[in-house]
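K.L.:
Have a peek at protein12.tsv (TSV, C-alpha atoms).
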chain	number	residue	atom	x	y	z
A	1	MET	CA	31.79	-49.08	32.44
A	2	ALA	CA	34.66	-51.08	30.98
A	3	THR	CA	35.08	-51.04	27.23
A	4	SER	CA	37.06	-52.64	24.46
A	5	THR	CA	37.26	-51.34	20.90
A	6	ARG	CA	34.85	-51.84	18.03
A	7	GLY	CA	36.79	-50.27	15.23
A	8	SER	CA	36.86	-46.65	16.37
A	9	ARG	CA	33.81	-47.17	18.59
A	10	PRO	CA	33.93	-48.47	22.16
A	11	VAL	CA	32.35	-51.84	22.89
A	12	PRO	CA	30.51	-51.61	26.21
A	13	PHE	CA	30.70	-54.19	28.93
A	14	LEU	CA	27.36	-54.31	30.71
A	15	GLY	CA	27.62	-55.82	34.15
A	16	ALA	CA	25.05	-56.88	36.70
A	17	ALA	CA	24.15	-53.38	37.88
A	18	ALA	CA	23.59	-52.08	34.36
A	19	ILE	CA	21.54	-55.12	33.37
A	20	ASP	CA	19.33	-54.82	36.46
A	21	GLN	CA	18.73	-51.15	35.71
A	22	LEU	CA	18.04	-51.62	32.02
A	23	MET	CA	15.84	-54.74	32.22
A	24	PRO	CA	13.39	-55.16	35.12
A	25	MET	CA	11.86	-58.61	35.46
A	26	PRO	CA	8.37	-57.63	34.20
A	27	ASP	CA	9.96	-56.23	31.03
A	28	ALA	CA	11.90	-59.46	30.48
A	29	ILE	CA	8.72	-61.52	30.86
A	30	THR	CA	6.85	-59.38	28.33
A	31	LEU	CA	9.80	-59.45	25.94
A	32	LEU	CA	10.18	-63.23	26.01
A	33	GLU	CA	6.46	-63.82	25.73
A	34	GLY	CA	6.53	-61.82	22.49
A	35	ALA	CA	9.62	-63.67	21.30
A	36	TRP	CA	7.94	-67.04	21.80
A	37	ARG	CA	4.98	-65.81	19.78
A	38	SER	CA	7.46	-65.34	16.93
A	39	ALA	CA	9.52	-68.43	17.69
A	40	ARG	CA	8.51	-70.23	14.50
A	41	GLU	CA	10.34	-67.48	12.61
A	42	ALA	CA	13.53	-67.96	14.61
A	43	GLY	CA	14.64	-70.96	12.60
A	44	PRO	CA	16.49	-74.02	13.93
A	45	GLU	CA	18.60	-73.80	17.05
A	46	ILE	CA	22.37	-73.98	16.70
A	47	PRO	CA	23.44	-76.88	18.93
A	48	ARG	CA	25.09	-75.89	22.18
A	49	SER	CA	28.37	-77.45	23.25
A	50	VAL	CA	28.96	-78.80	26.75
A	51	SER	CA	32.52	-79.66	27.71
A	52	PRO	CA	33.64	-81.16	31.03
A	53	VAL	CA	36.36	-79.15	32.77
A	54	PRO	CA	37.94	-79.52	36.21
A	55	GLY	CA	35.30	-78.54	38.74
A	56	GLY	CA	32.34	-78.40	36.37
A	57	GLN	CA	31.41	-77.65	32.78
A	58	LEU	CA	32.08	-75.12	30.03
A	59	LEU	CA	29.05	-74.32	27.88
A	60	SER	CA	28.79	-72.40	24.63
A	61	MET	CA	25.30	-71.39	23.46
A	62	PRO	CA	25.28	-69.61	20.07
A	63	ALA	CA	22.16	-68.13	18.49
A	64	ALA	CA	21.38	-66.56	15.14
A	65	ALA	CA	17.68	-65.76	15.21
A	66	LEU	CA	15.13	-63.00	14.64
A	67	GLY	CA	17.74	-60.67	13.15
A	68	GLY	CA	20.29	-61.10	15.92
A	69	LEU	CA	23.56	-62.93	16.52
A	70	GLY	CA	25.29	-63.80	19.77
A	71	VAL	CA	26.88	-66.46	21.93
A	72	LYS	CA	26.81	-67.14	25.65
A	73	ILE	CA	29.96	-68.70	27.11
A	74	ILE	CA	29.63	-69.85	30.69
A	75	THR	CA	31.08	-72.13	33.32
A	76	VAL	CA	28.81	-74.12	35.64
A	77	ALA	CA	30.29	-75.37	38.90
A	78	ALA	CA	29.59	-79.03	39.63
A	79	GLY	CA	29.07	-78.51	43.35
A	80	ASP	CA	28.42	-75.64	45.69
A	81	PRO	CA	30.95	-72.86	45.02
A	82	ALA	CA	32.67	-70.92	47.76
A	83	PRO	CA	30.53	-68.27	49.52
A	84	GLY	CA	30.05	-65.21	47.35
A	85	ILE	CA	30.95	-66.98	44.09
A	86	PRO	CA	28.06	-67.67	41.69
A	87	ARG	CA	27.58	-71.19	40.38
A	88	VAL	CA	27.28	-69.79	36.83
A	89	ASN	CA	29.91	-67.38	35.44
A	90	GLY	CA	30.73	-66.10	31.97
A	91	VAL	CA	30.04	-63.54	29.27
A	92	TYR	CA	27.53	-62.95	26.53
A	93	VAL	CA	29.01	-61.63	23.30
A	94	LEU	CA	26.43	-59.80	21.19
A	95	PHE	CA	27.32	-59.18	17.54
A	96	ASP	CA	26.00	-56.79	14.93
A	97	ALA	CA	24.30	-59.33	12.68
A	98	ALA	CA	24.99	-57.34	9.49
A	99	GLU	CA	28.60	-56.25	10.12
A	100	LEU	CA	29.58	-59.29	12.23
A	101	THR	CA	31.34	-56.95	14.63
A	102	VAL	CA	31.07	-57.09	18.41
A	103	ARG	CA	28.23	-54.85	19.55
A	104	ALA	CA	28.36	-55.43	23.32
A	105	ILE	CA	29.67	-57.80	25.97
A	106	LEU	CA	27.34	-58.58	28.84
A	107	ASP	CA	27.62	-60.44	32.13
A	108	ALA	CA	26.24	-63.90	31.26
A	109	ALA	CA	25.28	-64.84	34.82
A	110	SER	CA	23.03	-61.78	34.96
A	111	ILE	CA	21.47	-62.65	31.59
A	112	THR	CA	20.80	-66.21	32.81
A	113	ARG	CA	19.50	-64.95	36.16
A	114	LEU	CA	16.99	-62.81	34.29
A	115	ARG	CA	16.13	-65.04	31.33
A	116	THR	CA	15.41	-68.31	33.10
A	117	PRO	CA	12.85	-67.00	35.63
A	118	ALA	CA	11.26	-64.81	32.96
A	119	VAL	CA	10.68	-67.84	30.70
A	120	SER	CA	9.27	-69.74	33.67
A	121	ALA	CA	6.88	-66.86	34.29
A	122	VAL	CA	5.76	-66.85	30.64
A	123	ALA	CA	4.72	-70.48	31.10
A	124	ALA	CA	3.20	-69.90	34.54
A	125	LYS	CA	0.94	-67.16	33.15
A	126	LEU	CA	-0.86	-69.87	31.19
A	127	LEU	CA	-0.28	-72.99	33.30
A	128	ALA	CA	-0.68	-71.91	36.94
A	129	MET	CA	-4.10	-71.33	38.44
A	130	PRO	CA	-5.03	-67.62	38.29
A	131	GLY	CA	-5.35	-67.35	42.05
A	132	ALA	CA	-2.08	-69.14	42.83
A	133	GLU	CA	-0.64	-67.64	46.00
A	134	ALA	CA	1.46	-70.36	47.67
A	135	LEU	CA	4.93	-70.77	46.15
A	136	VAL	CA	7.53	-73.38	47.10
A	137	VAL	CA	11.08	-72.84	45.83
A	138	PHE	CA	13.83	-75.45	46.05
A	139	GLY	CA	17.24	-73.76	46.19
A	140	THR	CA	18.70	-70.57	47.61
A	141	GLY	CA	20.83	-69.22	44.76
A	142	ILE	CA	20.22	-66.53	42.18
A	143	GLN	CA	17.72	-68.66	40.29
A	144	ALA	CA	15.68	-69.23	43.44
A	145	ARG	CA	15.58	-65.48	44.10
A	146	GLY	CA	14.76	-64.75	40.48
A	147	HIS	CA	11.90	-67.25	40.41
A	148	VAL	CA	10.27	-65.66	43.46
A	149	THR	CA	10.36	-62.28	41.70
A	150	ALA	CA	9.13	-63.72	38.41
A	151	MET	CA	6.26	-65.74	39.85
A	152	ALA	CA	5.15	-62.78	41.96
A	153	SER	CA	5.07	-60.75	38.73
A	154	VAL	CA	2.42	-62.99	37.13
A	155	ARG	CA	0.50	-64.48	40.08
A	156	PRO	CA	-0.71	-63.08	43.45
A	157	ILE	CA	2.01	-64.81	45.48
A	158	ARG	CA	1.62	-64.26	49.21
A	159	ARG	CA	3.31	-67.24	50.86
A	160	VAL	CA	6.78	-68.50	49.95
A	161	SER	CA	8.44	-71.64	51.31
A	162	ILE	CA	12.18	-72.03	50.76
A	163	VAL	CA	13.49	-75.60	50.78
A	164	SER	CA	17.22	-76.33	50.85
A	165	ARG	CA	19.67	-78.89	52.15
A	166	GLN	CA	21.38	-75.86	53.71
A	167	PRO	CA	18.96	-74.70	56.45
A	168	ALA	CA	20.91	-71.54	57.26
A	169	ALA	CA	20.81	-70.40	53.63
A	170	ALA	CA	17.08	-71.15	53.43
A	171	SER	CA	16.43	-69.13	56.58
A	172	ALA	CA	18.53	-66.23	55.28
A	173	LEU	CA	16.66	-66.10	51.96
A	174	ALA	CA	13.31	-66.34	53.73
A	175	GLY	CA	14.36	-63.39	55.88
A	176	GLU	CA	15.22	-61.35	52.77
A	177	LEU	CA	11.82	-62.11	51.28
A	178	ARG	CA	10.01	-61.15	54.48
A	179	GLY	CA	11.79	-57.82	54.17
A	180	GLN	CA	10.11	-57.48	50.76
A	181	GLY	CA	6.66	-57.98	52.30
A	182	LEU	CA	6.19	-61.69	51.59
A	183	ASP	CA	5.17	-64.30	54.14
A	184	ALA	CA	8.29	-66.40	53.69
A	185	ARG	CA	9.82	-69.19	55.75
A	186	ALA	CA	12.30	-72.04	55.50
A	187	GLU	CA	10.50	-75.38	55.34
A	188	GLY	CA	10.97	-79.03	54.45
A	189	ARG	CA	10.18	-80.68	51.14
A	190	GLU	CA	6.74	-81.73	52.39
A	191	ALA	CA	5.70	-78.08	51.85
A	192	VAL	CA	4.85	-79.02	48.26
A	193	ALA	CA	1.59	-80.51	49.58
A	194	GLU	CA	0.22	-76.98	50.08
A	195	ALA	CA	1.84	-75.42	47.00
A	196	ASP	CA	0.07	-73.78	44.08
A	197	ILE	CA	3.42	-73.37	42.30
A	198	VAL	CA	6.66	-75.30	42.84
A	199	CYS	CA	9.97	-74.12	41.33
A	200	THR	CA	13.02	-76.38	41.46
A	201	CYS	CA	16.22	-74.36	41.07
A	202	THR	CA	18.90	-76.72	42.32
A	203	ALA	CA	22.00	-78.60	41.22
A	204	SER	CA	20.57	-81.89	42.47
A	205	PRO	CA	20.98	-84.85	40.08
A	206	VAL	CA	18.06	-86.69	41.71
A	207	PRO	CA	14.41	-85.74	42.47
A	208	VAL	CA	14.04	-83.20	45.25
A	209	PHE	CA	10.45	-83.99	46.33
A	210	ASP	CA	7.84	-86.73	46.27
A	211	GLY	CA	5.36	-85.96	43.49
A	212	ARG	CA	2.61	-87.87	45.30
A	213	LEU	CA	2.40	-84.94	47.71
A	214	LEU	CA	1.41	-82.45	45.00
A	215	GLY	CA	-2.11	-81.09	44.85
A	216	PRO	CA	-4.28	-81.82	41.81
A	217	PHE	CA	-3.86	-78.32	40.33
A	218	ALA	CA	-0.22	-77.66	41.26
A	219	HIS	CA	2.07	-76.15	38.65
A	220	VAL	CA	5.71	-77.27	38.72
A	221	THR	CA	8.57	-75.46	37.01
A	222	ALA	CA	11.84	-77.41	36.82
A	223	VAL	CA	14.92	-75.45	35.71
A	224	GLY	CA	17.97	-76.80	37.53
A	225	SER	CA	18.75	-79.89	35.46
A	226	PHE	CA	19.93	-79.61	31.86
A	227	GLN	CA	21.54	-83.00	31.25
A	228	PRO	CA	20.01	-86.32	30.10
A	229	GLY	CA	21.10	-88.21	33.21
A	230	THR	CA	19.98	-85.77	35.93
A	231	ARG	CA	16.58	-84.61	37.11
A	232	GLU	CA	14.80	-82.70	39.87
A	233	VAL	CA	11.30	-84.19	39.49
A	234	ASP	CA	10.34	-87.82	39.97
A	235	ASP	CA	8.51	-90.35	37.83
A	236	TYR	CA	5.19	-89.64	39.52
A	237	THR	CA	5.33	-85.94	38.73
A	238	ALA	CA	6.23	-86.61	35.10
A	239	ALA	CA	3.57	-89.29	34.68
A	240	HIS	CA	0.75	-87.34	36.34
A	241	SER	CA	1.28	-83.90	34.81
A	242	ALA	CA	0.57	-82.24	31.49
A	243	ILE	CA	4.12	-81.43	30.35
A	244	VAL	CA	5.11	-78.29	28.45
A	245	VAL	CA	8.67	-77.69	27.20
A	246	GLU	CA	10.46	-74.86	25.43
A	247	THR	CA	11.06	-77.00	22.35
A	248	ARG	CA	10.61	-80.73	21.96
A	249	ALA	CA	14.01	-81.04	20.30
A	250	ALA	CA	15.83	-79.43	23.23
A	251	ALA	CA	13.85	-81.33	25.85
A	252	LEU	CA	14.34	-84.70	24.17
A	253	ALA	CA	18.07	-84.05	23.85
A	254	GLU	CA	18.82	-82.68	27.32
A	255	ALA	CA	15.99	-82.87	29.85
A	256	GLY	CA	16.61	-85.79	32.19
A	257	ASP	CA	13.36	-84.93	34.00
A	258	ILE	CA	11.62	-86.18	30.85
A	259	LEU	CA	14.19	-88.52	29.30
A	260	ILE	CA	14.66	-90.73	32.36
A	261	PRO	CA	10.96	-91.66	32.72
A	262	LEU	CA	10.68	-91.82	28.94
A	263	ARG	CA	13.50	-94.35	28.66
A	264	SER	CA	12.01	-96.48	31.43
A	265	GLY	CA	8.56	-96.47	29.81
A	266	ILE	CA	6.90	-94.52	32.63
A	267	ILE	CA	5.77	-91.92	30.07
A	268	GLY	CA	5.62	-91.67	26.29
A	269	GLU	CA	6.43	-88.68	24.10
A	270	HIS	CA	2.69	-87.89	24.09
A	271	ALA	CA	3.15	-86.73	27.71
A	272	ILE	CA	4.59	-83.52	26.20
A	273	VAL	CA	1.33	-81.80	25.36
A	274	ALA	CA	2.78	-78.54	24.00
A	275	ASP	CA	5.91	-76.53	23.43
A	276	LEU	CA	6.15	-72.96	24.63
A	277	SER	CA	5.37	-71.42	21.25
A	278	GLU	CA	2.22	-73.54	20.93
A	279	LEU	CA	1.22	-72.55	24.45
A	280	VAL	CA	1.81	-68.81	24.06
A	281	THR	CA	0.08	-68.56	20.68
A	282	GLY	CA	-2.86	-70.65	21.85
A	283	GLU	CA	-2.24	-73.22	19.13
A	284	VAL	CA	-2.34	-75.89	21.84
A	285	PRO	CA	-4.26	-74.57	24.85
A	286	VAL	CA	-3.54	-76.23	28.18
A	287	ASP	CA	-6.16	-76.11	30.94
A	288	PRO	CA	-4.57	-74.90	34.21
A	289	ALA	CA	-7.22	-76.84	36.17
A	290	GLN	CA	-4.90	-79.86	36.22
A	291	ARG	CA	-1.38	-80.63	37.39
A	292	THR	CA	1.16	-79.15	34.98
A	293	LEU	CA	4.93	-79.36	34.58
A	294	PHE	CA	7.04	-76.86	32.67
A	295	LYS	CA	10.50	-78.23	31.98
A	296	SER	CA	13.09	-75.66	30.91
A	297	VAL	CA	16.63	-76.40	29.75
A	298	GLY	CA	17.29	-72.93	28.32
A	299	VAL	CA	17.13	-72.08	24.63
A	300	ALA	CA	19.87	-69.88	23.19
A	301	PHE	CA	17.60	-67.49	21.34
A	302	GLU	CA	16.06	-66.45	24.70
A	303	ASP	CA	19.46	-65.13	25.83
A	304	LEU	CA	19.88	-63.39	22.49
A	305	ILE	CA	16.53	-61.60	22.74
A	306	ILE	CA	17.34	-60.35	26.25
A	307	ALA	CA	20.88	-59.27	25.32
A	308	GLN	CA	19.70	-57.41	22.21
A	309	GLU	CA	17.10	-55.43	24.12
A	310	ILE	CA	19.51	-54.53	26.91
A	311	ALA	CA	22.11	-53.36	24.37
A	312	GLN	CA	19.49	-51.35	22.51
A	313	ARG	CA	18.37	-49.62	25.71
A	314	HIS	CA	21.98	-48.90	26.65
A	315	GLU	CA	22.64	-47.42	23.20
A	316	ALA	CA	19.52	-45.27	23.42
A	317	ASP	CA	20.65	-43.95	26.82
A	318	HIS	CA	24.07	-43.06	25.40
A	319	ALA	CA	23.05	-41.74	21.98
Is it possible to give me this structure as structure tokens?
P.N.:
Amino acid sequence: MATSTRGSRPVPFLGAAAIDQLMPMPDAITLLEGAWRSAREAGPEIPRSVSPVPGGQLLSMPAAALGGLGVKIITVAAGDPAPGIPRVNGVYVLFDAAELTVRAILDAASITRLRTPAVSAVAAKLLAMPGAEALVVFGTGIQARGHVTAMASVRPIRRVSIVSRQPAAASALAGELRGQGLDARAEGREAVAEADIVCTCTASPVPVFDGRLLGPFAHVTAVGSFQPGTREVDDYTAAHSAIVVETRAAALAEAGDILIPLRSGIIGEHAIVADLSELVTGEVPVDPAQRTLFKSVGVAFEDLIIAQEIAQRHEADHA
């Protein structure tokens, strides 16, 4: 465990292995579900900054909420990185909110890998049909893997279809999942016709499937796009789904999946039927017996909640 100094106390660096050990996916789902129940107490989000850099983007996502303080600093590669290099890299700096000293530094890619699927699973618990067993995942990276784990934590997933423009990567991931006891295979985008749940976890700037193929009760989770001009789902999916977002403010600032059809008049703002807090608290119930779309762009306080709990567990283990 690498450390820096925090006055006379060491500041731990918690990497991927430590984060995996300290925070299993089911724990992250439960933690974030509770956080969204208290989201109204979190206060307004501090705006994130997104800066173009050669080869991609540099993002800073600060949060001061629910008694915590931290900032995630990451790079996001514009295209496919070299083999073995994650698309998202960076650190999460967690501060002591009272002393304003550094409490811990965590691997940001691991936080994102855990947080994003866990939030998707919080939504799927209330939006996907209870008996959902057929999952289609677009992408083969860490988010694709994480979403299989997360969806299988909240629904009885038995069949997994992996869709990718890289057939060899799709076949390799399907093989890994078969080793975990799932009926998994690499398939084409038409697999969405048989899907109970669809997760899009790609860097594509344009829709990755034809929404007209979706079943009437399909639940779609879209997490790859986080810019106003890019999207993974098409107009049909947006126009024929009950849409839930993390927060309306974040979605209407960043979610191209919603903003593009909104600007063209395909949908109106009323298409967003609930935010995640309203969904989790039951303030705005959404019937899963319809097609639903959860659009996530990532909210900074989610990272903060995960980082705080991991640091607290690490501190308890080393008290």
K.L.:
For Ala249 of chain A, which of A:Val93, A:Glu133, A:Ile272, A:Gln290 is the closest residue, counting all atoms listed in the file?
P.N.:
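Residue with the minimum atom-to-atom distance to Ala249 of chain A: A:Ile272.
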K.L.:
Counting all atoms listed in the file, what is within 8 Å of Ile111 of chain A, bar same-chain residues fewer than 3 positions away, as a PyMOL selection string?
P.N.:
chain A and resi 19+92+106-108+114-115+303+306-307
K.L.:
Have a look at atom CA of Val284 of chain A and atom CA of Ala271 of chain A and let me know their distance in Å, one decimal.
P.N.:
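These two atoms are separated by 13.5 Å.
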K.L.:
Just give me the gap between atom CA of Ile142 of chain A and atom CA of Ser161 of chain A in Å, one decimal is fine.
P.N.:
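Here the two named atoms are 15.8 Å from each other.
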K.L.:
Let me make sure I understand: among A:Pro26, A:Gly67, A:Gly179, A:Pro52, which one has the smallest atom-to-atom distance to Val122 of chain A if we use all atoms listed in the file?
P.N.:
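Counting all atoms listed in the file, the residue closest to Val122 of chain A is A:Pro26.
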K.L.:
For Glu232 of chain A, which of A:Ala134, A:Ile258, A:Leu58, A:Val244 is the closest residue, counting all atoms listed in the file?
P.N.:
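Between A:Ala134, A:Ile258, A:Leu58, A:Val244, the residue approaching Glu232 of chain A most closely is A:Ile258.
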